[in-house]
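Below: my_file.csv (CSV, C-alpha atoms)
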chain,number,residue,atom,x,y,z
A,1,MET,CA,-12.4,46.6,-4.0
A,2,GLY,CA,-13.8,44.1,-1.5
A,3,GLU,CA,-11.9,42.1,1.0
A,4,PRO,CA,-9.1,39.9,-0.6
A,5,PRO,CA,-10.1,36.3,-0.6
A,6,GLN,CA,-8.8,34.4,2.4
A,7,ALA,CA,-6.8,31.3,1.8
A,8,VAL,CA,-8.5,28.6,3.9
A,9,ARG,CA,-6.8,25.2,4.2
A,10,ARG,CA,-9.3,22.3,4.6
A,11,SER,CA,-8.4,18.8,5.4
A,12,PRO,CA,-10.3,15.9,3.7
A,13,LEU,CA,-11.8,14.8,7.0
A,14,GLY,CA,-12.2,18.2,8.6
A,15,HIS,CA,-15.9,18.2,8.2
A,16,LEU,CA,-16.1,14.8,9.9
A,17,ALA,CA,-14.0,15.7,13.0
A,18,ALA,CA,-17.1,15.7,15.3
A,19,GLU,CA,-18.3,12.3,14.0
A,20,LEU,CA,-14.9,10.8,14.5
A,21,ARG,CA,-14.8,12.2,18.0
A,22,ALA,CA,-18.2,10.8,18.7
A,23,ALA,CA,-17.3,7.3,17.4
A,24,SER,CA,-14.2,7.1,19.6
A,25,VAL,CA,-14.5,5.1,22.8
A,26,PRO,CA,-11.6,6.3,25.1
A,27,GLY,CA,-9.8,3.3,26.6
A,28,THR,CA,-11.1,1.0,23.9
A,29,VAL,CA,-10.5,2.5,20.5
A,30,THR,CA,-10.1,6.1,19.3
A,31,VAL,CA,-10.0,7.6,15.8
A,32,ARG,CA,-8.9,11.0,14.7
A,33,GLU,CA,-7.5,12.6,11.6
A,34,VAL,CA,-3.9,13.9,11.6
A,35,PRO,CA,-4.3,16.6,9.0
A,36,PHE,CA,-1.7,18.2,6.8
A,37,VAL,CA,1.1,15.7,7.3
A,38,ARG,CA,3.8,16.5,4.8
A,39,GLN,CA,4.5,13.5,2.5
A,40,VAL,CA,7.2,13.2,-0.1
A,41,ASN,CA,7.5,10.3,-2.6
A,42,VAL,CA,11.1,9.4,-3.3
A,43,ARG,CA,12.2,6.9,-6.0
A,44,GLY,CA,15.7,5.8,-6.7
A,45,PRO,CA,18.2,3.1,-5.8
A,46,GLY,CA,17.9,3.5,-2.1
A,47,GLY,CA,20.7,3.3,0.5
A,48,LYS,CA,20.8,4.5,4.0
A,49,PRO,CA,18.7,5.8,5.7
A,50,PHE,CA,16.0,4.4,3.4
A,51,PRO,CA,14.9,0.9,4.7
A,52,ALA,CA,15.7,-1.9,2.3
A,53,GLU,CA,13.5,-4.5,4.1
A,54,PRO,CA,10.0,-4.6,2.5
A,55,ASN,CA,7.1,-3.3,4.6
A,56,THR,CA,9.2,-1.6,7.2
A,57,VAL,CA,9.6,2.0,8.3
A,58,ALA,CA,12.7,3.8,9.5
A,59,THR,CA,12.9,7.0,11.5
A,60,THR,CA,15.5,9.7,11.3
A,61,GLY,CA,15.8,13.0,13.1
A,62,ASP,CA,16.2,14.3,16.6
A,63,ALA,CA,13.4,12.3,18.2
A,64,ALA,CA,14.2,9.1,16.3
A,65,GLY,CA,12.5,6.0,17.6
A,66,ASP,CA,8.9,7.0,17.3
A,67,ALA,CA,7.2,5.9,14.1
A,68,ALA,CA,4.6,8.6,14.1
A,69,GLY,CA,6.8,11.4,12.8
A,70,ASP,CA,5.0,14.2,14.8
A,71,ALA,CA,8.1,15.6,16.5
A,72,GLU,CA,9.7,18.6,14.9
A,73,GLY,CA,12.7,17.4,12.8
A,74,ASP,CA,11.5,13.8,12.8
A,75,THR,CA,11.1,12.0,9.5
A,76,VAL,CA,9.6,8.6,8.9
A,77,LEU,CA,10.7,6.7,5.8
A,78,VAL,CA,8.0,4.2,4.7
A,79,TRP,CA,8.8,1.4,2.3
A,80,LEU,CA,6.5,1.5,-0.7
A,81,GLY,CA,8.4,-0.6,-3.1
A,82,PRO,CA,11.9,-1.9,-3.9
A,83,ASP,CA,12.8,1.5,-5.3
A,84,GLU,CA,10.1,3.7,-3.7
A,85,TRP,CA,9.6,5.3,-0.3
A,86,LEU,CA,7.3,7.8,1.4
A,87,VAL,CA,9.0,10.4,3.5
A,88,VAL,CA,6.6,11.5,6.2
A,89,GLY,CA,7.0,14.4,8.6
A,90,PRO,CA,8.2,17.9,8.7
A,91,GLY,CA,11.9,17.1,8.8
A,92,GLU,CA,14.4,17.2,6.0
A,93,VAL,CA,14.0,14.8,3.1
A,94,PRO,CA,17.2,12.7,3.0
A,95,GLY,CA,19.0,12.2,-0.2
A,96,MET,CA,20.2,8.9,-1.6
A,97,PRO,CA,24.0,8.7,-1.3
A,98,GLY,CA,25.6,8.5,-4.7
A,99,ALA,CA,22.3,8.3,-6.6
A,100,GLU,CA,22.5,9.3,-10.3
A,101,HIS,CA,18.7,9.1,-10.7
A,102,GLU,CA,16.2,9.8,-8.1
A,103,SER,CA,12.8,11.5,-8.2
A,104,VAL,CA,11.4,13.5,-5.3
A,105,ALA,CA,7.8,14.6,-5.4
A,106,ASP,CA,5.7,16.3,-2.8
A,107,VAL,CA,2.5,14.3,-2.5
A,108,SER,CA,1.2,15.8,0.7
A,109,ALA,CA,-2.2,16.5,-0.8
A,110,HIS,CA,-2.5,13.0,-2.2
A,111,ARG,CA,-3.4,11.3,1.1
A,112,THR,CA,-4.6,12.2,4.6
A,113,VAL,CA,-3.7,10.4,7.7
A,114,VAL,CA,-6.2,8.7,10.1
A,115,GLU,CA,-4.9,7.5,13.5
A,116,LEU,CA,-6.7,4.5,15.0
A,117,ALA,CA,-5.5,3.7,18.5
A,118,GLY,CA,-6.4,1.6,21.5
A,119,PRO,CA,-6.7,-2.1,22.6
A,120,ALA,CA,-9.5,-2.7,20.1
A,121,ALA,CA,-7.8,-1.0,17.1
A,122,ARG,CA,-6.5,-4.2,15.6
A,123,GLU,CA,-9.9,-5.9,15.9
A,124,VAL,CA,-11.5,-2.9,14.1
A,125,LEU,CA,-9.0,-3.2,11.2
A,126,LEU,CA,-9.4,-6.9,11.0
A,127,LYS,CA,-13.1,-6.4,10.0
A,128,GLY,CA,-12.0,-5.2,6.6
A,129,CYS,CA,-8.3,-5.9,6.1
A,130,PRO,CA,-7.0,-9.2,4.7
A,131,ILE,CA,-3.5,-9.1,6.1
A,132,ASP,CA,-2.1,-10.6,9.3
A,133,LEU,CA,-1.9,-7.7,11.9
A,134,HIS,CA,-0.9,-9.9,14.8
A,135,PRO,CA,1.7,-8.0,16.9
A,136,GLY,CA,4.2,-10.8,16.4
A,137,VAL,CA,4.0,-10.2,12.6
A,138,PHE,CA,3.0,-6.5,12.5
A,139,PRO,CA,4.7,-4.8,15.4
A,140,PRO,CA,5.6,-1.1,15.6
A,141,GLY,CA,7.9,-0.2,12.7
A,142,ARG,CA,6.1,-2.4,10.2
A,143,CYS,CA,4.0,-1.0,7.4
A,144,ALA,CA,1.8,-2.5,4.6
A,145,GLN,CA,0.0,-1.3,1.6
A,146,THR,CA,-3.3,-3.2,1.4
A,147,LEU,CA,-7.0,-2.8,1.3
A,148,LEU,CA,-9.2,-1.7,4.2
A,149,GLY,CA,-12.8,-2.2,3.2
A,150,ARG,CA,-12.7,-1.2,-0.5
A,151,ALA,CA,-10.1,1.5,-0.1
A,152,GLN,CA,-6.4,1.2,-0.7
A,153,VAL,CA,-4.4,2.3,2.4
A,154,ILE,CA,-0.9,2.4,3.7
A,155,ILE,CA,-1.0,1.1,7.3
A,156,VAL,CA,1.8,1.9,9.6
A,157,CYS,CA,2.0,0.5,13.2
A,158,VAL,CA,3.3,3.3,15.3
A,159,ASP,CA,3.3,2.0,18.8
A,160,GLU,CA,2.2,-0.8,21.1
A,161,ARG,CA,-1.2,0.6,22.4
A,162,PRO,CA,-1.5,-0.4,19.5
A,163,ALA,CA,-1.8,2.7,17.3
A,164,TYR,CA,-2.0,2.6,13.5
A,165,ARG,CA,-1.7,5.3,11.0
A,166,LEU,CA,-3.8,4.9,7.9
A,167,PHE,CA,-2.7,6.8,4.9
A,168,VAL,CA,-5.7,7.1,2.6
A,169,ARG,CA,-6.3,9.0,-0.6
A,170,ALA,CA,-8.1,12.3,0.0
A,171,SER,CA,-11.0,11.3,-2.3
A,172,LEU,CA,-11.5,8.0,-0.4
A,173,ALA,CA,-11.0,9.4,3.1
A,174,GLY,CA,-14.8,10.1,3.6
A,175,TYR,CA,-15.6,6.5,2.7
A,176,LEU,CA,-12.9,5.2,5.0
A,177,ALA,CA,-14.1,7.4,7.9
A,178,GLY,CA,-17.6,6.1,7.4
A,179,TRP,CA,-16.4,2.5,7.3
A,180,LEU,CA,-14.3,3.0,10.5
A,181,ILE,CA,-17.2,4.7,12.3
A,182,ASP,CA,-19.4,1.7,11.4
A,183,ALA,CA,-16.8,-0.8,12.4
A,184,MET,CA,-16.3,0.9,15.8
A,185,ARG,CA,-20.0,1.2,16.6
A,186,GLU,CA,-20.1,-2.0,18.6
A,187,TYR,CA,-17.7,-0.6,21.2
A,188,GLN,CA,-20.2,2.0,22.1
A,189,CYS,CA,-22.3,-0.7,23.6
A,190,HIS,CA,-19.9,-2.9,25.4
A,191,THR,CA,-16.6,-2.4,27.1
A,192,TYR,CA,-13.6,-4.2,25.6
B,1,MET,CA,-9.9,-16.6,-3.1
B,2,LEU,CA,-6.3,-17.2,-4.1
B,3,LEU,CA,-3.4,-16.4,-1.7
B,4,ILE,CA,-0.7,-15.1,-4.0
B,5,PRO,CA,2.9,-14.6,-2.8
B,6,CYS,CA,4.2,-11.3,-3.9
B,7,PRO,CA,8.0,-11.6,-4.2
B,8,TRP,CA,8.3,-8.3,-2.2
B,9,CYS,CA,5.4,-8.2,0.2
B,10,GLY,CA,4.7,-12.0,0.9
B,11,PRO,CA,1.4,-13.8,0.7
B,12,ARG,CA,-1.6,-11.5,0.1
B,13,ALA,CA,-5.2,-12.0,-0.9
B,14,GLU,CA,-6.1,-12.2,-4.6
B,15,ILE,CA,-8.2,-8.9,-4.4
B,16,GLU,CA,-5.0,-6.9,-4.0
B,17,TYR,CA,-3.8,-8.0,-7.4
B,18,ARG,CA,-4.4,-7.4,-11.1
B,19,TYR,CA,-4.0,-10.2,-13.7
B,20,GLY,CA,-1.6,-9.6,-16.6
B,21,GLY,CA,-1.9,-12.7,-18.8
B,22,GLN,CA,0.8,-15.0,-20.1
B,23,ALA,CA,4.4,-14.2,-19.0
B,24,HIS,CA,7.5,-14.1,-21.1
B,25,VAL,CA,5.8,-12.9,-24.3
B,26,ALA,CA,8.7,-11.0,-25.8
B,27,TYR,CA,8.2,-7.8,-27.8
B,28,PRO,CA,9.3,-8.5,-31.4
B,29,PRO,CA,12.8,-7.1,-32.1
B,30,GLU,CA,11.6,-5.6,-35.4
B,31,PRO,CA,7.9,-5.0,-35.3
B,32,ALA,CA,7.9,-3.3,-38.7
B,33,ALA,CA,9.3,-6.5,-40.4
B,34,LEU,CA,6.3,-8.6,-39.2
B,35,THR,CA,3.4,-9.6,-41.4
B,36,ASP,CA,-0.1,-8.6,-40.2
B,37,ALA,CA,-0.7,-12.2,-39.3
B,38,GLU,CA,2.5,-12.4,-37.2
B,39,TRP,CA,1.7,-9.1,-35.5
B,40,ALA,CA,-1.8,-10.2,-34.7
B,41,ALA,CA,-0.4,-13.4,-33.3
B,42,TYR,CA,2.0,-11.4,-31.1
B,43,LEU,CA,-0.8,-9.2,-29.9
B,44,PHE,CA,-3.7,-11.6,-29.4
B,45,LEU,CA,-2.7,-15.2,-29.4
B,46,ARG,CA,-1.8,-16.7,-26.0
B,47,ASP,CA,-1.2,-20.2,-24.7
B,48,ASN,CA,-4.1,-21.8,-22.9
B,49,PRO,CA,-2.7,-24.8,-21.2
B,50,LYS,CA,-4.4,-27.1,-18.7
B,51,GLY,CA,-1.7,-27.3,-16.0
B,52,PRO,CA,1.2,-25.1,-14.9
B,53,PHE,CA,1.1,-21.7,-16.6
B,54,ALA,CA,3.6,-18.8,-16.1
B,55,GLU,CA,1.6,-15.6,-15.9
B,56,ARG,CA,2.1,-12.0,-14.9
B,57,TRP,CA,0.4,-10.4,-11.9
B,58,CYS,CA,0.6,-6.8,-10.6
B,59,HIS,CA,0.4,-6.1,-6.8
B,60,ALA,CA,-2.0,-3.3,-7.6
B,61,ALA,CA,-3.1,-2.4,-4.0
B,62,GLY,CA,0.3,-3.1,-2.5
B,63,CYS,CA,3.8,-2.4,-3.8
B,64,ARG,CA,2.5,-1.9,-7.4
B,65,ARG,CA,5.2,-4.2,-8.9
B,66,TRP,CA,4.7,-6.6,-11.7
B,67,PHE,CA,6.0,-10.1,-11.2
B,68,ASN,CA,5.5,-13.7,-12.4
B,69,VAL,CA,3.6,-16.6,-10.9
B,70,LEU,CA,3.6,-20.2,-12.0
B,71,ARG,CA,0.0,-21.3,-11.4
B,72,ASP,CA,-1.8,-24.5,-12.3
B,73,THR,CA,-4.8,-23.5,-14.4
B,74,ALA,CA,-6.6,-26.8,-13.5
B,75,THR,CA,-6.2,-26.8,-9.7
B,76,HIS,CA,-5.3,-23.1,-8.9
B,77,GLU,CA,-2.2,-24.4,-7.1
B,78,ILE,CA,0.4,-21.7,-7.1
B,79,HIS,CA,3.8,-23.4,-7.4
B,80,PHE,CA,5.9,-20.2,-6.9
B,81,SER,CA,6.4,-16.6,-7.8
B,82,TYR,CA,9.4,-14.8,-9.1
B,83,ARG,CA,10.4,-11.2,-9.8
B,84,ALA,CA,10.0,-9.6,-13.2
B,85,GLY,CA,13.1,-10.1,-15.4
B,86,GLU,CA,13.9,-13.4,-13.6
B,87,ARG,CA,13.6,-16.8,-15.0
B,88,PRO,CA,12.2,-19.7,-12.9
Any chance you could put this one into structure tokens?
Amino acid sequence: MGEPPQAVRRSPLGHLAAELRAASVPGTVTVREVPFVRQVNVRGPGGKPFPAEPNTVATTGDAAGDAAGDAEGDTVLVWLGPDEWLVVGPGEVPGMPGAEHESVADVSAHRTVVELAGPAAREVLLKGCPIDLHPGVFPPGRCAQTLLGRAQVIIVCVDERPAYRLFVRASLAGYLAGWLIDAMREYQCHTY
Amino acid sequence: MLLIPCPWCGPRAEIEYRYGGQAHVAYPPEPAALTDAEWAAYLFLRDNPKGPFAERWCHAAGCRRWFNVLRDTATHEIHFSYRAGERP
């Protein structure tokens, strides 16, 4: 008997971590993968705490108020459709009060998260994203499902730096990372 | 490029959508009672007006919901959109 096989968890962009670090320009725009974020897809009639307003996020938990969902116990509820939400973060998945039918599916392996932050982050996204990301329209707490380059993404604005979290399918993450690295290349040469 | 208003997400570019053909084509209540010609007409025959046309669109890259749009086939003007199940 040899050694038992070791379970090794690999994130979709783990092999590109060095490239993403090299593409980041601190103070202008930085990019990194936030791997292994737990995501749960919930469908049903809604109700508090699930946000009813389209394209918004709500935060529950101890450290409520930050739309990133990193803090232990923090949960971010992302609007995906009139009866569909994505619950992001390690906290408890809230139930729908009085719901007769709801479906709850762990989809953590479906997407990985890319965080793009810095004063030039919005400009980078605008190179391949057809929606209005002006802070007056898309401030922290807003989300959108749209296309970035040729990839479908969920964009969540998490804070005012600005910082955006891009939820992208695992199979398209390599493409999106390459697209972002290319879109960020100009900031290597000139300061913002 | 059309700017199509999704009833849920607001105006978005045409590339986020899939086209679904004519709207309000009801499924026959008793398909087995139809003749072959009537069934073929239900499956394949659609209106082709020059002017306002109610059609189905799916916000494929967004909220993934089907909805209806009244679009002018001659000018591409989009008069309005409304949710599935609603009547204009």
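CA of Val31 (chain A) lies 4.6 Å from CA of Leu116 (chain A).
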Using all atoms listed in the file, find each residue of chain B with at least one atom at most 9 Å away from an atom of chain A; report its shortest atom-to-atom pair and that distance in Å (one decimal), sort the rows by chain and rising residue number, and return the result as a Markdown table.
| residue | atom | partner | partner_atom | distance |
| --- | --- | --- | --- | --- |
| B:Trp8 | CA | A:Pro54 | CA | 6.2 |
| B:Cys9 | CA | A:Pro54 | CA | 6.3 |
| B:Pro11 | CA | A:Ile131 | CA | 8.7 |
| B:Arg12 | CA | A:Ile131 | CA | 6.7 |
| B:Ala13 | CA | A:Pro130 | CA | 6.5 |
| B:Ile15 | CA | A:Leu147 | CA | 8.4 |
| B:Glu16 | CA | A:Thr146 | CA | 6.8 |
| B:Ala61 | CA | A:Thr146 | CA | 5.5 |
| B:Gly62 | CA | A:Gln145 | CA | 4.5 |
| B:Cys63 | CA | A:Gly81 | CA | 5.0 |
| B:Arg64 | CA | A:Gly81 | CA | 7.4 |
| B:Arg65 | CA | A:Gly81 | CA | 7.5 |
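The smallest atom-to-atom distance between Ala17 (chain A) and any of A:Pro119, A:Gly98, A:Gln39, A:Val114, using all atoms listed in the file, is found for A:Val114.
Between CA of Glu55 (chain B) and CA of Ala40 (chain B) the separation is 19.9 Å.
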- Quick one: pull the distance between CA of Gln188 (chain A) and CA of Glu19 (chain A), Å, one decimal. 13.2 Å
- Task: Would you kindly return, as number ranges by chain, each protein, DNA or RNA residue with an atom no farther than 9 Å from any atom of Cys6 (chain B), considering all atoms listed in the file and excluding same-chain residues fewer than 4 positions away?
- Result: B: 10-12, 57-59, 63, 65, 67-69, 81-83
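Restricting the calculation to all atoms listed in the file, the smallest distance between Trp85 (chain A) and any of A:Arg10, A:Lys48, A:Arg43, A:His110 is found for A:Arg43.
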- Please identify all polymer residues lying at most 10 Å from the point (-5.0, -18.9, -0.5) (file coordinates), using all atoms listed in the file, and present the result as a PyMOL selection string. chain B and resi 1-5+11-14+76-78
- Task: Compile the contact shell of Trp39 (chain B) as number ranges by chain: residues with an atom at most 12 Å away, counting all atoms listed in the file, same-chain residues fewer than 5 positions apart removed.
- Result: B: 27-34, 44-45
Edge lengths and centre in Å to one decimal, as JSON, of the axis-aligned box that encloses all listed atoms of region 98-109 of chain A with 5 Å added on every side?
{"center_x": 11.7, "center_y": 12.4, "center_z": -5.0, "size_x": 37.8, "size_y": 18.2, "size_z": 21.4}
- Compare B:Ala60, B:Phe53, B:Trp66, B:Arg46 by their minimum atom-to-atom distance to Ala84 (chain B), counting all atoms listed in the file, and give me the closest one. B:Trp66
- Message: So that I can check the surroundings of Glu123 (chain A), please list as number ranges by chain every protein, DNA and RNA residue that reaches within 12 Å of it, counting all atoms listed in the file and ignoring chain neighbours fewer than 2 positions away.
- Response: A: 28-29, 116-121, 125-129, 132-135, 162-164, 180, 183-184, 186-187, 192
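Between Val42 (chain A) and the candidates A:Pro140, A:Gly149, A:Gly178, A:Pro94, the tightest atom-to-atom separation, counting all atoms listed in the file, involves A:Pro94.
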